[in-house]
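Asks: Below is model.pdb; it holds PDB, C-alpha atoms.
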```pdb
MODEL        1
ATOM      1  CA  MET A  12       0.441   1.364  14.560  1.00  0.00           C
ATOM      2  CA  SER A  13       1.953   4.586  15.933  1.00  0.00           C
ATOM      3  CA  ILE A  14       1.142   8.014  14.509  1.00  0.00           C
ATOM      4  CA  ALA A  15       4.685   8.170  13.116  1.00  0.00           C
ATOM      5  CA  GLU A  16       4.104   4.932  11.231  1.00  0.00           C
ATOM      6  CA  VAL A  17       0.764   6.248   9.892  1.00  0.00           C
ATOM      7  CA  PHE A  18       2.672   9.141   8.292  1.00  0.00           C
ATOM      8  CA  GLY A  19       5.207   6.630   7.012  1.00  0.00           C
ATOM      9  CA  PHE A  20       2.420   4.560   5.459  1.00  0.00           C
ATOM     10  CA  ILE A  21       0.924   7.663   3.805  1.00  0.00           C
ATOM     11  CA  ALA A  22       4.372   8.466   2.413  1.00  0.00           C
ATOM     12  CA  LEU A  23       4.750   4.905   1.154  1.00  0.00           C
ATOM     13  CA  VAL A  24       1.468   4.855  -0.774  1.00  0.00           C
ATOM     14  CA  THR A  25       1.883   8.368  -2.150  1.00  0.00           C
ATOM     15  CA  ASN A  26       5.449   7.796  -3.300  1.00  0.00           C
ATOM     16  CA  PHE A  27       4.507   4.542  -5.010  1.00  0.00           C
ATOM     17  CA  ILE A  28       2.017   6.599  -7.002  1.00  0.00           C
ATOM     18  CA  ALA A  29       4.708   9.240  -7.672  1.00  0.00           C
ATOM     19  CA  TYR A  30       7.113   6.819  -9.329  1.00  0.00           C
ATOM     20  CA  ARG A  31       4.362   5.731 -11.709  1.00  0.00           C
ATOM     21  CA  GLN A  32       3.769   9.255 -13.061  1.00  0.00           C
ATOM     22  CA  PRO A  33       4.314   9.757 -16.800  1.00  0.00           C
ATOM     23  CA  THR A  34       5.985  13.188 -16.584  1.00  0.00           C
ATOM     24  CA  ALA A  35       8.757  14.639 -14.432  1.00  0.00           C
ATOM     25  CA  ASP A  36       6.580  17.510 -13.171  1.00  0.00           C
ATOM     26  CA  ARG A  37       3.763  15.211 -12.086  1.00  0.00           C
ATOM     27  CA  TYR A  38       6.363  13.048 -10.366  1.00  0.00           C
ATOM     28  CA  ARG A  39       7.762  16.105  -8.543  1.00  0.00           C
ATOM     29  CA  ILE A  40       4.328  17.161  -7.240  1.00  0.00           C
ATOM     30  CA  VAL A  41       3.168  13.754  -6.026  1.00  0.00           C
ATOM     31  CA  SER A  42       6.629  12.990  -4.652  1.00  0.00           C
ATOM     32  CA  ALA A  43       6.622  16.262  -2.667  1.00  0.00           C
ATOM     33  CA  LEU A  44       3.430  15.157  -0.910  1.00  0.00           C
ATOM     34  CA  ALA A  45       5.013  11.809  -0.047  1.00  0.00           C
ATOM     35  CA  LEU A  46       8.194  13.493   1.162  1.00  0.00           C
ATOM     36  CA  ALA A  47       6.206  15.824   3.428  1.00  0.00           C
ATOM     37  CA  ALA A  48       4.591  12.819   5.109  1.00  0.00           C
ATOM     38  CA  LEU A  49       7.974  11.081   5.359  1.00  0.00           C
ATOM     39  CA  SER A  50       9.548  14.188   6.885  1.00  0.00           C
ATOM     40  CA  ILE A  51       6.902  14.242   9.612  1.00  0.00           C
ATOM     41  CA  HIS A  52       7.478  10.507  10.137  1.00  0.00           C
ATOM     42  CA  PHE A  53      11.235  10.945  10.632  1.00  0.00           C
ATOM     43  CA  PHE A  54      10.840  13.946  12.938  1.00  0.00           C
ATOM     44  CA  MET A  55       8.407  11.936  15.077  1.00  0.00           C
ATOM     45  CA  LEU A  56      11.087   9.228  15.362  1.00  0.00           C
ATOM     46  CA  ASP A  57      13.710  11.868  16.290  1.00  0.00           C
ATOM     47  CA  ALA A  58      15.597  10.906  13.121  1.00  0.00           C
ATOM     48  CA  VAL A  59      16.456  14.562  12.567  1.00  0.00           C
ATOM     49  CA  ALA A  60      18.648  14.145   9.475  1.00  0.00           C
ATOM     50  CA  GLY A  61      15.883  12.181   7.749  1.00  0.00           C
ATOM     51  CA  GLY A  62      13.319  14.813   8.701  1.00  0.00           C
ATOM     52  CA  ILE A  63      15.501  17.662   7.479  1.00  0.00           C
ATOM     53  CA  VAL A  64      16.514  16.132   4.145  1.00  0.00           C
ATOM     54  CA  THR A  65      12.966  15.117   3.286  1.00  0.00           C
ATOM     55  CA  GLY A  66      11.723  18.565   4.319  1.00  0.00           C
ATOM     56  CA  ILE A  67      14.316  20.169   2.029  1.00  0.00           C
ATOM     57  CA  ALA A  68      13.203  17.761  -0.710  1.00  0.00           C
ATOM     58  CA  VAL A  69       9.598  18.994  -0.513  1.00  0.00           C
ATOM     59  CA  LEU A  70      10.774  22.547  -1.136  1.00  0.00           C
ATOM     60  CA  ARG A  71      13.208  21.375  -3.829  1.00  0.00           C
ATOM     61  CA  ASN A  72      10.516  19.494  -5.754  1.00  0.00           C
ATOM     62  CA  PHE A  73       8.177  22.479  -5.843  1.00  0.00           C
ATOM     63  CA  ILE A  74      10.940  24.899  -6.858  1.00  0.00           C
ATOM     64  CA  ALA A  75      12.137  22.474  -9.561  1.00  0.00           C
ATOM     65  CA  LEU A  76       8.700  22.718 -11.181  1.00  0.00           C
ATOM     66  CA  ARG A  77       9.618  26.234 -12.281  1.00  0.00           C
ATOM     67  CA  TRP A  78      13.381  26.657 -11.936  1.00  0.00           C
ATOM     68  CA  GLN A  79      16.048  24.078 -12.662  1.00  0.00           C
ATOM     69  CA  GLY A  80      19.163  26.097 -13.378  1.00  0.00           C
ATOM     70  CA  PRO A  81      22.595  25.767 -11.830  1.00  0.00           C
ATOM     71  CA  TRP A  82      21.839  28.323  -9.093  1.00  0.00           C
ATOM     72  CA  VAL A  83      18.897  26.237  -7.907  1.00  0.00           C
ATOM     73  CA  LEU A  84      20.911  23.022  -8.070  1.00  0.00           C
ATOM     74  CA  TRP A  85      23.932  24.380  -6.223  1.00  0.00           C
ATOM     75  CA  GLY A  86      21.713  26.252  -3.764  1.00  0.00           C
ATOM     76  CA  PHE A  87      20.043  23.006  -2.690  1.00  0.00           C
ATOM     77  CA  VAL A  88      23.327  21.109  -2.623  1.00  0.00           C
ATOM     78  CA  ALA A  89      24.748  23.875  -0.420  1.00  0.00           C
ATOM     79  CA  LEU A  90      21.652  23.785   1.812  1.00  0.00           C
ATOM     80  CA  ASN A  91      22.124  20.045   2.328  1.00  0.00           C
ATOM     81  CA  ILE A  92      25.817  20.516   3.124  1.00  0.00           C
ATOM     82  CA  LEU A  93      25.009  23.387   5.498  1.00  0.00           C
ATOM     83  CA  PHE A  94      22.507  21.294   7.469  1.00  0.00           C
ATOM     84  CA  LEU A  95      24.885  18.325   7.469  1.00  0.00           C
ATOM     85  CA  MET A  96      27.651  20.487   8.950  1.00  0.00           C
ATOM     86  CA  ILE A  97      25.310  22.015  11.526  1.00  0.00           C
ATOM     87  CA  GLU A  98      24.062  18.603  12.562  1.00  0.00           C
ATOM     88  CA  TRP A  99      27.573  17.096  12.571  1.00  0.00           C
ATOM     89  CA  LEU A 100      29.150  19.919  14.580  1.00  0.00           C
ATOM     90  CA  PHE A 101      26.179  20.571  16.880  1.00  0.00           C
ATOM     91  CA  PRO A 102      24.452  17.203  17.363  1.00  0.00           C
ATOM     92  CA  ILE A 103      20.690  17.577  17.458  1.00  0.00           C
ATOM     93  CA  ALA A 104      18.772  15.073  19.579  1.00  0.00           C
ATOM     94  CA  SER A 105      15.353  16.245  18.415  1.00  0.00           C
ATOM     95  CA  LEU A 106      13.251  19.128  17.221  1.00  0.00           C
ATOM     96  CA  GLN A 107      10.221  19.915  19.352  1.00  0.00           C
ATOM     97  CA  PHE A 108       7.295  21.423  17.465  1.00  0.00           C
ATOM     98  CA  SER A 109       4.603  23.391  19.305  1.00  0.00           C
ATOM     99  CA  PHE A 110       2.172  26.249  18.716  1.00  0.00           C
ATOM    100  CA  SER A 111       4.775  28.652  20.089  1.00  0.00           C
ATOM    101  CA  GLY A 112       7.426  27.532  17.583  1.00  0.00           C
ATOM    102  CA  ILE A 113      10.228  25.056  17.167  1.00  0.00           C
ATOM    103  CA  SER A 114      12.791  24.305  19.828  1.00  0.00           C
ATOM    104  CA  VAL A 115      16.021  22.450  19.198  1.00  0.00           C
ATOM    105  CA  VAL A 116      17.186  19.876  21.722  1.00  0.00           C
ATOM    106  CA  PHE A 117      20.924  19.371  21.400  1.00  0.00           C
ATOM    107  CA  SER A 118      22.617  16.113  22.279  1.00  0.00           C
ATOM    108  CA  ASP A 119      25.680  15.682  24.436  1.00  0.00           C
ATOM    109  CA  GLN A 120      26.586  12.682  22.252  1.00  0.00           C
ATOM    110  CA  PRO A 121      28.313  13.019  18.890  1.00  0.00           C
ATOM    111  CA  SER A 122      26.174  12.742  15.784  1.00  0.00           C
ATOM    112  CA  HIS A 123      25.769   9.245  14.402  1.00  0.00           C
ATOM    113  CA  TRP A 124      27.637   8.647  11.137  1.00  0.00           C
ATOM    114  CA  SER A 125      24.354   7.659   9.486  1.00  0.00           C
ATOM    115  CA  ILE A 126      23.545  11.331   8.888  1.00  0.00           C
ATOM    116  CA  TRP A 127      26.155  11.244   6.111  1.00  0.00           C
ATOM    117  CA  ILE A 128      24.064   8.552   4.399  1.00  0.00           C
ATOM    118  CA  ALA A 129      20.890  10.632   4.670  1.00  0.00           C
ATOM    119  CA  TYR A 130      22.534  13.761   3.261  1.00  0.00           C
ATOM    120  CA  THR A 131      24.333  11.861   0.473  1.00  0.00           C
ATOM    121  CA  SER A 132      21.026  10.341  -0.582  1.00  0.00           C
ATOM    122  CA  SER A 133      19.455  13.790  -0.479  1.00  0.00           C
ATOM    123  CA  ILE A 134      22.156  15.303  -2.682  1.00  0.00           C
ATOM    124  CA  ILE A 135      21.709  12.508  -5.238  1.00  0.00           C
ATOM    125  CA  PHE A 136      17.958  13.123  -5.211  1.00  0.00           C
ATOM    126  CA  THR A 137      18.601  16.872  -5.563  1.00  0.00           C
ATOM    127  CA  VAL A 138      20.772  16.502  -8.638  1.00  0.00           C
ATOM    128  CA  GLY A 139      18.305  14.075 -10.221  1.00  0.00           C
ATOM    129  CA  SER A 140      15.239  16.146  -9.405  1.00  0.00           C
ATOM    130  CA  ILE A 141      16.657  19.379 -10.766  1.00  0.00           C
ATOM    131  CA  LYS A 142      18.885  18.300 -13.657  1.00  0.00           C
ATOM    132  CA  LEU A 143      16.862  15.446 -15.123  1.00  0.00           C
ATOM    133  CA  ASN A 144      13.542  15.777 -16.918  1.00  0.00           C
ATOM    134  CA  ASP A 145      13.200  12.348 -18.459  1.00  0.00           C
ATOM    135  CA  PRO A 146      11.227  10.081 -16.085  1.00  0.00           C
ATOM    136  CA  GLU A 147      13.276   7.004 -17.066  1.00  0.00           C
ATOM    137  CA  ARG A 148      16.579   8.768 -16.378  1.00  0.00           C
ATOM    138  CA  ILE A 149      15.204  10.034 -13.055  1.00  0.00           C
ATOM    139  CA  ARG A 150      14.258   6.484 -12.050  1.00  0.00           C
ATOM    140  CA  ARG A 151      17.721   5.155 -12.919  1.00  0.00           C
ATOM    141  CA  TRP A 152      19.473   7.973 -11.052  1.00  0.00           C
ATOM    142  CA  PHE A 153      17.305   7.401  -7.994  1.00  0.00           C
ATOM    143  CA  LEU A 154      18.198   3.721  -7.591  1.00  0.00           C
ATOM    144  CA  LEU A 155      21.346   4.605  -5.598  1.00  0.00           C
ATOM    145  CA  ALA A 156      19.579   7.306  -3.581  1.00  0.00           C
ATOM    146  CA  GLU A 157      16.749   4.924  -2.650  1.00  0.00           C
ATOM    147  CA  PHE A 158      19.275   2.266  -1.625  1.00  0.00           C
ATOM    148  CA  LEU A 159      21.016   4.775   0.661  1.00  0.00           C
ATOM    149  CA  GLY A 160      17.607   5.795   2.022  1.00  0.00           C
ATOM    150  CA  LEU A 161      16.948   2.136   2.793  1.00  0.00           C
ATOM    151  CA  VAL A 162      20.220   1.842   4.707  1.00  0.00           C
ATOM    152  CA  TYR A 163      19.403   5.009   6.695  1.00  0.00           C
ATOM    153  CA  ALA A 164      15.856   3.837   7.490  1.00  0.00           C
ATOM    154  CA  ILE A 165      17.170   0.515   8.807  1.00  0.00           C
ATOM    155  CA  ILE A 166      19.792   2.262  10.956  1.00  0.00           C
ATOM    156  CA  VAL A 167      17.276   4.652  12.568  1.00  0.00           C
ATOM    157  CA  GLY A 168      14.713   1.889  13.090  1.00  0.00           C
ATOM    158  CA  SER A 169      12.047   3.209  10.748  1.00  0.00           C
ATOM    159  CA  ILE A 170       9.756   0.353   9.777  1.00  0.00           C
ATOM    160  CA  SER A 171       7.765   2.514   7.367  1.00  0.00           C
ATOM    161  CA  GLY A 172      10.944   4.061   5.982  1.00  0.00           C
ATOM    162  CA  THR A 173      12.407   0.621   5.362  1.00  0.00           C
ATOM    163  CA  VAL A 174       9.269  -0.578   3.599  1.00  0.00           C
ATOM    164  CA  PHE A 175       9.049   2.803   1.809  1.00  0.00           C
ATOM    165  CA  ASN A 176      12.494   2.363   0.272  1.00  0.00           C
ATOM    166  CA  ILE A 177      12.022  -1.324  -0.558  1.00  0.00           C
ATOM    167  CA  VAL A 178       8.737  -0.536  -2.306  1.00  0.00           C
ATOM    168  CA  ASN A 179      10.309   2.430  -4.093  1.00  0.00           C
ATOM    169  CA  LEU A 180      13.245   0.342  -5.292  1.00  0.00           C
ATOM    170  CA  THR A 181      10.861  -2.390  -6.447  1.00  0.00           C
ATOM    171  CA  SER A 182       8.588   0.145  -8.147  1.00  0.00           C
ATOM    172  CA  ILE A 183      11.495   1.785  -9.955  1.00  0.00           C
ATOM    173  CA  ILE A 184      12.887  -1.541 -11.141  1.00  0.00           C
ATOM    174  CA  LEU A 185       9.473  -2.784 -12.279  1.00  0.00           C
ATOM    175  CA  LYS A 186       8.738   0.451 -14.152  1.00  0.00           C
ATOM    176  CA  LEU A 187      12.168   0.372 -15.820  1.00  0.00           C
ATOM    177  CA  LEU A 188      11.550  -3.239 -16.886  1.00  0.00           C
ATOM    178  CA  GLN A 189       8.047  -2.344 -18.105  1.00  0.00           C
ATOM    179  CA  ASP A 190       9.432   0.545 -20.172  1.00  0.00           C
ATOM    180  CA  LYS A 191      12.204  -1.647 -21.593  1.00  0.00           C
ATOM    181  CA  ARG A 192       9.697  -4.320 -22.547  1.00  0.00           C
ATOM    182  CA  ALA A 193       7.431  -1.739 -24.222  1.00  0.00           C
ATOM    183  CA  ARG A 194      10.378  -0.485 -26.312  1.00  0.00           C
ATOM    184  CA  THR A 195      11.260  -3.997 -27.499  1.00  0.00           C
ATOM    185  CA  LEU A 196       7.731  -4.896 -28.601  1.00  0.00           C
TER     186      LEU A 196
ENDMDL
END
```
For the structure just supplied, provide its representation as C-alpha coordinates.
Replies:
Amino acid sequence: MSIAEVFGFIALVTNFIAYRQPTADRYRIVSALALAALSIHFFMLDAVAGGIVTGIAVLRNFIALRWQGPWVLWGFVALNILFLMIEWLFPIASLQFSFSGISVVFSDQPSHWSIWIAYTSSIIFTVGSIKLNDPERIRRWFLLAEFLGLVYAIIVGSISGTVFNIVNLTSIILKLLQDKRARTL
(Lines of atoms letter the chains of each structure in order from A and count residues from 1; the text may use other names and numbers.)
(Lines give C-alpha, C1' and ligand atoms only; values in the text may rest on other atoms or scores of the structure.)
Protein backbone atom coordinates (compact mmCIF):
# COMPACT_ATOMS: atom_id res chain seq x y z
CA MET A 1 0.00 0.00 0.00
CA SER A 2 1.43 3.39 -1.02
CA ILE A 3 1.66 6.33 1.37
CA ALA A 4 -1.09 8.05 -0.63
CA GLU A 5 -3.38 5.08 -0.08
CA VAL A 6 -2.55 5.08 3.67
CA PHE A 7 -3.89 8.65 3.85
CA GLY A 8 -6.88 7.53 1.82
CA PHE A 9 -7.53 4.70 4.27
CA ILE A 10 -7.27 7.09 7.24
CA ALA A 11 -9.78 9.36 5.49
CA LEU A 12 -12.08 6.42 4.86
CA VAL A 13 -12.20 5.26 8.48
CA THR A 14 -12.47 8.77 9.90
CA ASN A 15 -15.24 9.81 7.54
CA PHE A 16 -17.22 6.66 8.28
CA ILE A 17 -17.11 7.75 11.92
CA ALA A 18 -18.10 11.30 10.90
CA TYR A 19 -21.33 10.25 9.21
CA ARG A 20 -22.38 8.42 12.36
CA GLN A 21 -22.16 11.53 14.57
CA PRO A 22 -25.38 12.61 16.30
CA THR A 23 -24.92 16.38 15.85
CA ALA A 24 -23.96 18.58 12.90
CA ASP A 25 -21.03 20.17 14.77
CA ARG A 26 -19.53 16.83 15.75
CA TYR A 27 -19.95 15.72 12.14
CA ARG A 28 -18.15 18.87 10.92
CA ILE A 29 -15.16 18.30 13.24
CA VAL A 30 -14.65 14.60 12.52
CA SER A 31 -15.33 15.16 8.83
CA ALA A 32 -12.67 17.91 8.69
CA LEU A 33 -10.08 15.43 9.95
CA ALA A 34 -11.10 12.93 7.27
CA LEU A 35 -11.05 15.61 4.59
CA ALA A 36 -7.53 16.68 5.60
CA ALA A 37 -6.30 13.11 5.11
CA LEU A 38 -8.18 12.87 1.80
CA SER A 39 -6.69 16.16 0.62
CA ILE A 40 -3.18 14.85 1.25
CA HIS A 41 -4.14 11.63 -0.56
CA PHE A 42 -5.33 13.49 -3.67
CA PHE A 43 -2.31 15.80 -3.75
CA MET A 44 -0.02 12.76 -3.56
CA LEU A 45 -1.84 11.35 -6.60
CA ASP A 46 -1.47 14.71 -8.43
CA ALA A 47 -5.27 14.94 -8.48
CA VAL A 48 -5.01 18.67 -7.81
CA ALA A 49 -8.73 19.51 -7.99
CA GLY A 50 -9.49 16.80 -5.43
CA GLY A 51 -6.72 18.05 -3.17
CA ILE A 52 -7.87 21.65 -3.42
CA VAL A 53 -11.59 21.04 -2.85
CA THR A 54 -10.98 18.78 0.13
CA GLY A 55 -8.49 21.30 1.54
CA ILE A 56 -11.11 24.05 1.18
CA ALA A 57 -13.61 21.71 2.86
CA VAL A 58 -11.42 21.36 5.95
CA LEU A 59 -11.39 25.13 6.38
CA ARG A 60 -15.12 25.34 5.57
CA ASN A 61 -16.06 22.75 8.21
CA PHE A 62 -14.15 24.53 10.96
CA ILE A 63 -15.53 27.95 10.02
CA ALA A 64 -19.07 26.53 9.84
CA LEU A 65 -18.76 25.54 13.50
CA ARG A 66 -19.03 29.23 14.38
CA TRP A 67 -20.35 31.09 11.34
CA GLN A 68 -22.97 29.90 8.88
CA GLY A 69 -24.38 33.07 7.38
CA PRO A 70 -24.77 33.99 3.74
CA TRP A 71 -21.36 35.70 3.58
CA VAL A 72 -19.66 32.49 4.67
CA LEU A 73 -21.70 30.40 2.25
CA TRP A 74 -21.14 32.65 -0.75
CA GLY A 75 -17.49 33.19 0.21
CA PHE A 76 -16.82 29.45 0.02
CA VAL A 77 -18.85 29.04 -3.16
CA ALA A 78 -16.82 31.89 -4.68
CA LEU A 79 -13.57 30.32 -3.47
CA ASN A 80 -14.49 27.05 -5.19
CA ILE A 81 -15.38 28.88 -8.40
CA LEU A 82 -12.16 30.91 -8.23
CA PHE A 83 -10.00 27.78 -7.91
CA LEU A 84 -12.00 26.04 -10.64
CA MET A 85 -11.38 28.96 -13.02
CA ILE A 86 -7.69 29.12 -12.12
CA GLU A 87 -7.29 25.41 -12.67
CA TRP A 88 -9.36 25.45 -15.88
CA LEU A 89 -7.55 28.43 -17.41
CA PHE A 90 -4.06 27.58 -16.12
CA PRO A 91 -3.89 23.77 -15.98
CA ILE A 92 -1.97 22.58 -12.94
CA ALA A 93 -0.08 19.30 -13.29
CA SER A 94 0.88 19.11 -9.62
CA LEU A 95 1.73 21.01 -6.49
CA GLN A 96 5.14 20.28 -5.02
CA PHE A 97 5.38 20.67 -1.25
CA SER A 98 8.75 21.17 0.44
CA PHE A 99 10.25 22.85 3.50
CA SER A 100 10.92 25.94 1.39
CA GLY A 101 7.27 26.26 0.33
CA ILE A 102 4.88 25.19 -2.37
CA SER A 103 5.69 25.25 -6.06
CA VAL A 104 3.12 24.93 -8.80
CA VAL A 105 3.90 22.79 -11.82
CA PHE A 106 1.76 23.87 -14.75
CA SER A 107 0.72 21.50 -17.50
CA ASP A 108 0.98 22.11 -21.21
CA GLN A 109 -2.17 19.99 -21.60
CA PRO A 110 -5.67 21.36 -21.05
CA SER A 111 -7.36 20.58 -17.76
CA HIS A 112 -9.39 17.39 -17.69
CA TRP A 113 -13.15 17.96 -17.57
CA SER A 114 -13.32 15.92 -14.37
CA ILE A 115 -12.33 18.99 -12.35
CA TRP A 116 -15.87 20.27 -12.94
CA ILE A 117 -17.16 17.17 -11.13
CA ALA A 118 -14.84 17.75 -8.17
CA TYR A 119 -15.82 21.41 -7.81
CA THR A 120 -19.55 20.71 -8.27
CA SER A 121 -19.37 18.11 -5.52
CA SER A 122 -17.51 20.60 -3.35
CA ILE A 123 -20.13 23.30 -3.86
CA ILE A 124 -22.91 20.86 -2.92
CA PHE A 125 -20.97 19.91 0.20
CA THR A 126 -20.42 23.61 0.96
CA VAL A 127 -24.09 24.48 0.80
CA GLY A 128 -25.02 21.46 2.91
CA SER A 129 -22.30 22.01 5.49
CA ILE A 130 -23.10 25.67 6.03
CA LYS A 131 -26.86 25.91 5.52
CA LEU A 132 -28.02 22.66 7.10
CA ASN A 133 -27.89 21.81 10.79
CA ASP A 134 -30.06 18.73 10.91
CA PRO A 135 -27.87 15.61 10.54
CA GLU A 136 -30.56 13.75 8.57
CA ARG A 137 -30.97 16.61 6.09
CA ILE A 138 -27.18 16.85 5.74
CA ARG A 139 -26.99 13.13 4.93
CA ARG A 140 -29.71 13.41 2.28
CA TRP A 141 -28.11 16.48 0.69
CA PHE A 142 -24.73 14.75 0.59
CA LEU A 143 -25.93 11.72 -1.39
CA LEU A 144 -25.45 13.58 -4.70
CA ALA A 145 -22.13 15.10 -3.62
CA GLU A 146 -20.77 11.69 -2.57
CA PHE A 147 -21.89 10.18 -5.88
CA LEU A 148 -20.02 12.91 -7.78
CA GLY A 149 -17.01 12.32 -5.53
CA LEU A 150 -17.18 8.64 -6.47
CA VAL A 151 -17.18 9.49 -10.18
CA TYR A 152 -14.18 11.82 -9.70
CA ALA A 153 -12.24 9.24 -7.66
CA ILE A 154 -12.76 6.60 -10.36
CA ILE A 155 -11.64 9.01 -13.10
CA VAL A 156 -8.41 9.99 -11.30
CA GLY A 157 -7.64 6.39 -10.34
CA SER A 158 -7.96 6.77 -6.59
CA ILE A 159 -8.58 3.36 -5.07
CA SER A 160 -9.02 4.78 -1.57
CA GLY A 161 -11.17 7.62 -2.89
CA THR A 162 -13.40 5.15 -4.70
CA VAL A 163 -13.80 2.99 -1.61
CA PHE A 164 -14.16 6.17 0.50
CA ASN A 165 -17.16 7.33 -1.52
CA ILE A 166 -18.76 3.88 -1.75
CA VAL A 167 -18.46 3.46 2.02
CA ASN A 168 -19.77 6.98 2.59
CA LEU A 169 -22.76 6.40 0.32
CA THR A 170 -23.46 3.08 2.05
CA SER A 171 -23.06 4.66 5.49
CA ILE A 172 -25.40 7.52 4.64
CA ILE A 173 -28.05 5.19 3.23
CA LEU A 174 -27.80 2.80 6.19
CA LYS A 175 -28.04 5.65 8.71
CA LEU A 176 -31.03 7.14 6.88
CA LEU A 177 -32.74 3.73 6.91
CA GLN A 178 -31.87 3.26 10.59
CA ASP A 179 -33.35 6.67 11.44
CA LYS A 180 -36.48 5.95 9.39
CA ARG A 181 -36.94 2.62 11.13
CA ALA A 182 -36.50 4.23 14.56
CA ARG A 183 -39.22 6.79 13.72
CA THR A 184 -41.69 4.08 12.66
CA LEU A 185 -41.25 1.96 15.79
Asks: Show me, as a PyMOL selection string, the residues that have an atom within 10 Å of His123 (chain A) when counting all atoms listed in the file, minus same-chain residues fewer than 2 positions from it.
Replies: chain A and resi 60+98-99+102+120-121+125-127+166-167
Asks: Residues picked by the PyMOL selection byres ((chain A and resi 41) around 12) here, as an mmCIF file with C-alpha atoms, keeping the file's coordinate frame?
Replies:
```cif
data_model
loop_
_atom_site.group_PDB
_atom_site.id
_atom_site.type_symbol
_atom_site.label_atom_id
_atom_site.label_comp_id
_atom_site.auth_asym_id
_atom_site.auth_seq_id
_atom_site.Cartn_x
_atom_site.Cartn_y
_atom_site.Cartn_z
ATOM 1 C CA ILE A 21 0.924 7.663 3.805
ATOM 2 C CA ALA A 22 4.372 8.466 2.413
ATOM 3 C CA LEU A 23 4.750 4.905 1.154
ATOM 4 C CA VAL A 24 1.468 4.855 -0.774
ATOM 5 C CA THR A 25 1.883 8.368 -2.150
ATOM 6 C CA ASN A 26 5.449 7.796 -3.300
ATOM 7 C CA PHE A 27 4.507 4.542 -5.010
ATOM 8 C CA ILE A 28 2.017 6.599 -7.002
ATOM 9 C CA ALA A 29 4.708 9.240 -7.672
ATOM 10 C CA TYR A 30 7.113 6.819 -9.329
ATOM 11 C CA ARG A 31 4.362 5.731 -11.709
ATOM 12 C CA GLN A 32 3.769 9.255 -13.061
ATOM 13 C CA PRO A 33 4.314 9.757 -16.800
ATOM 14 C CA THR A 34 5.985 13.188 -16.584
ATOM 15 C CA ALA A 35 8.757 14.639 -14.432
ATOM 16 C CA ASP A 36 6.580 17.510 -13.171
ATOM 17 C CA ARG A 37 3.763 15.211 -12.086
ATOM 18 C CA TYR A 38 6.363 13.048 -10.366
ATOM 19 C CA ARG A 39 7.762 16.105 -8.543
ATOM 20 C CA ILE A 40 4.328 17.161 -7.240
ATOM 21 C CA SER A 42 6.629 12.990 -4.652
ATOM 22 C CA ALA A 43 6.622 16.262 -2.667
ATOM 23 C CA LEU A 44 3.430 15.157 -0.910
ATOM 24 C CA ALA A 45 5.013 11.809 -0.047
ATOM 25 C CA LEU A 46 8.194 13.493 1.162
ATOM 26 C CA ALA A 47 6.206 15.824 3.428
ATOM 27 C CA ALA A 48 4.591 12.819 5.109
ATOM 28 C CA VAL A 69 9.598 18.994 -0.513
ATOM 29 C CA ASN A 72 10.516 19.494 -5.754
ATOM 30 C CA PHE A 73 8.177 22.479 -5.843
ATOM 31 C CA LEU A 76 8.700 22.718 -11.181
#
```
Asks: For CA of Leu180 (chain A) and CA of Ser132 (chain A), determine how far apart the two atoms are, in Å to one decimal place.
Replies: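 These atoms are spaced 13.5 Å apart.
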Asks: CA of Leu70 (chain A) to CA of Leu93 (chain A): how many Å, to one decimal?
Replies: 15.7 Å
Asks: Calculated over only C-alpha atoms, which of the candidates A:Leu95, A:Val178, A:Leu187, A:Val17 has the smallest distance to Ala129 (chain A)?
Replies: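 When distances to Ala129 (chain A) are compared using only C-alpha atoms, the smallest one comes from A:Leu95.
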Asks: What does the distance from CA of Gly172 (chain A) to CA of Gly19 (chain A) come to in Å, to one decimal?
Replies: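 A separation of 6.4 Å between them.
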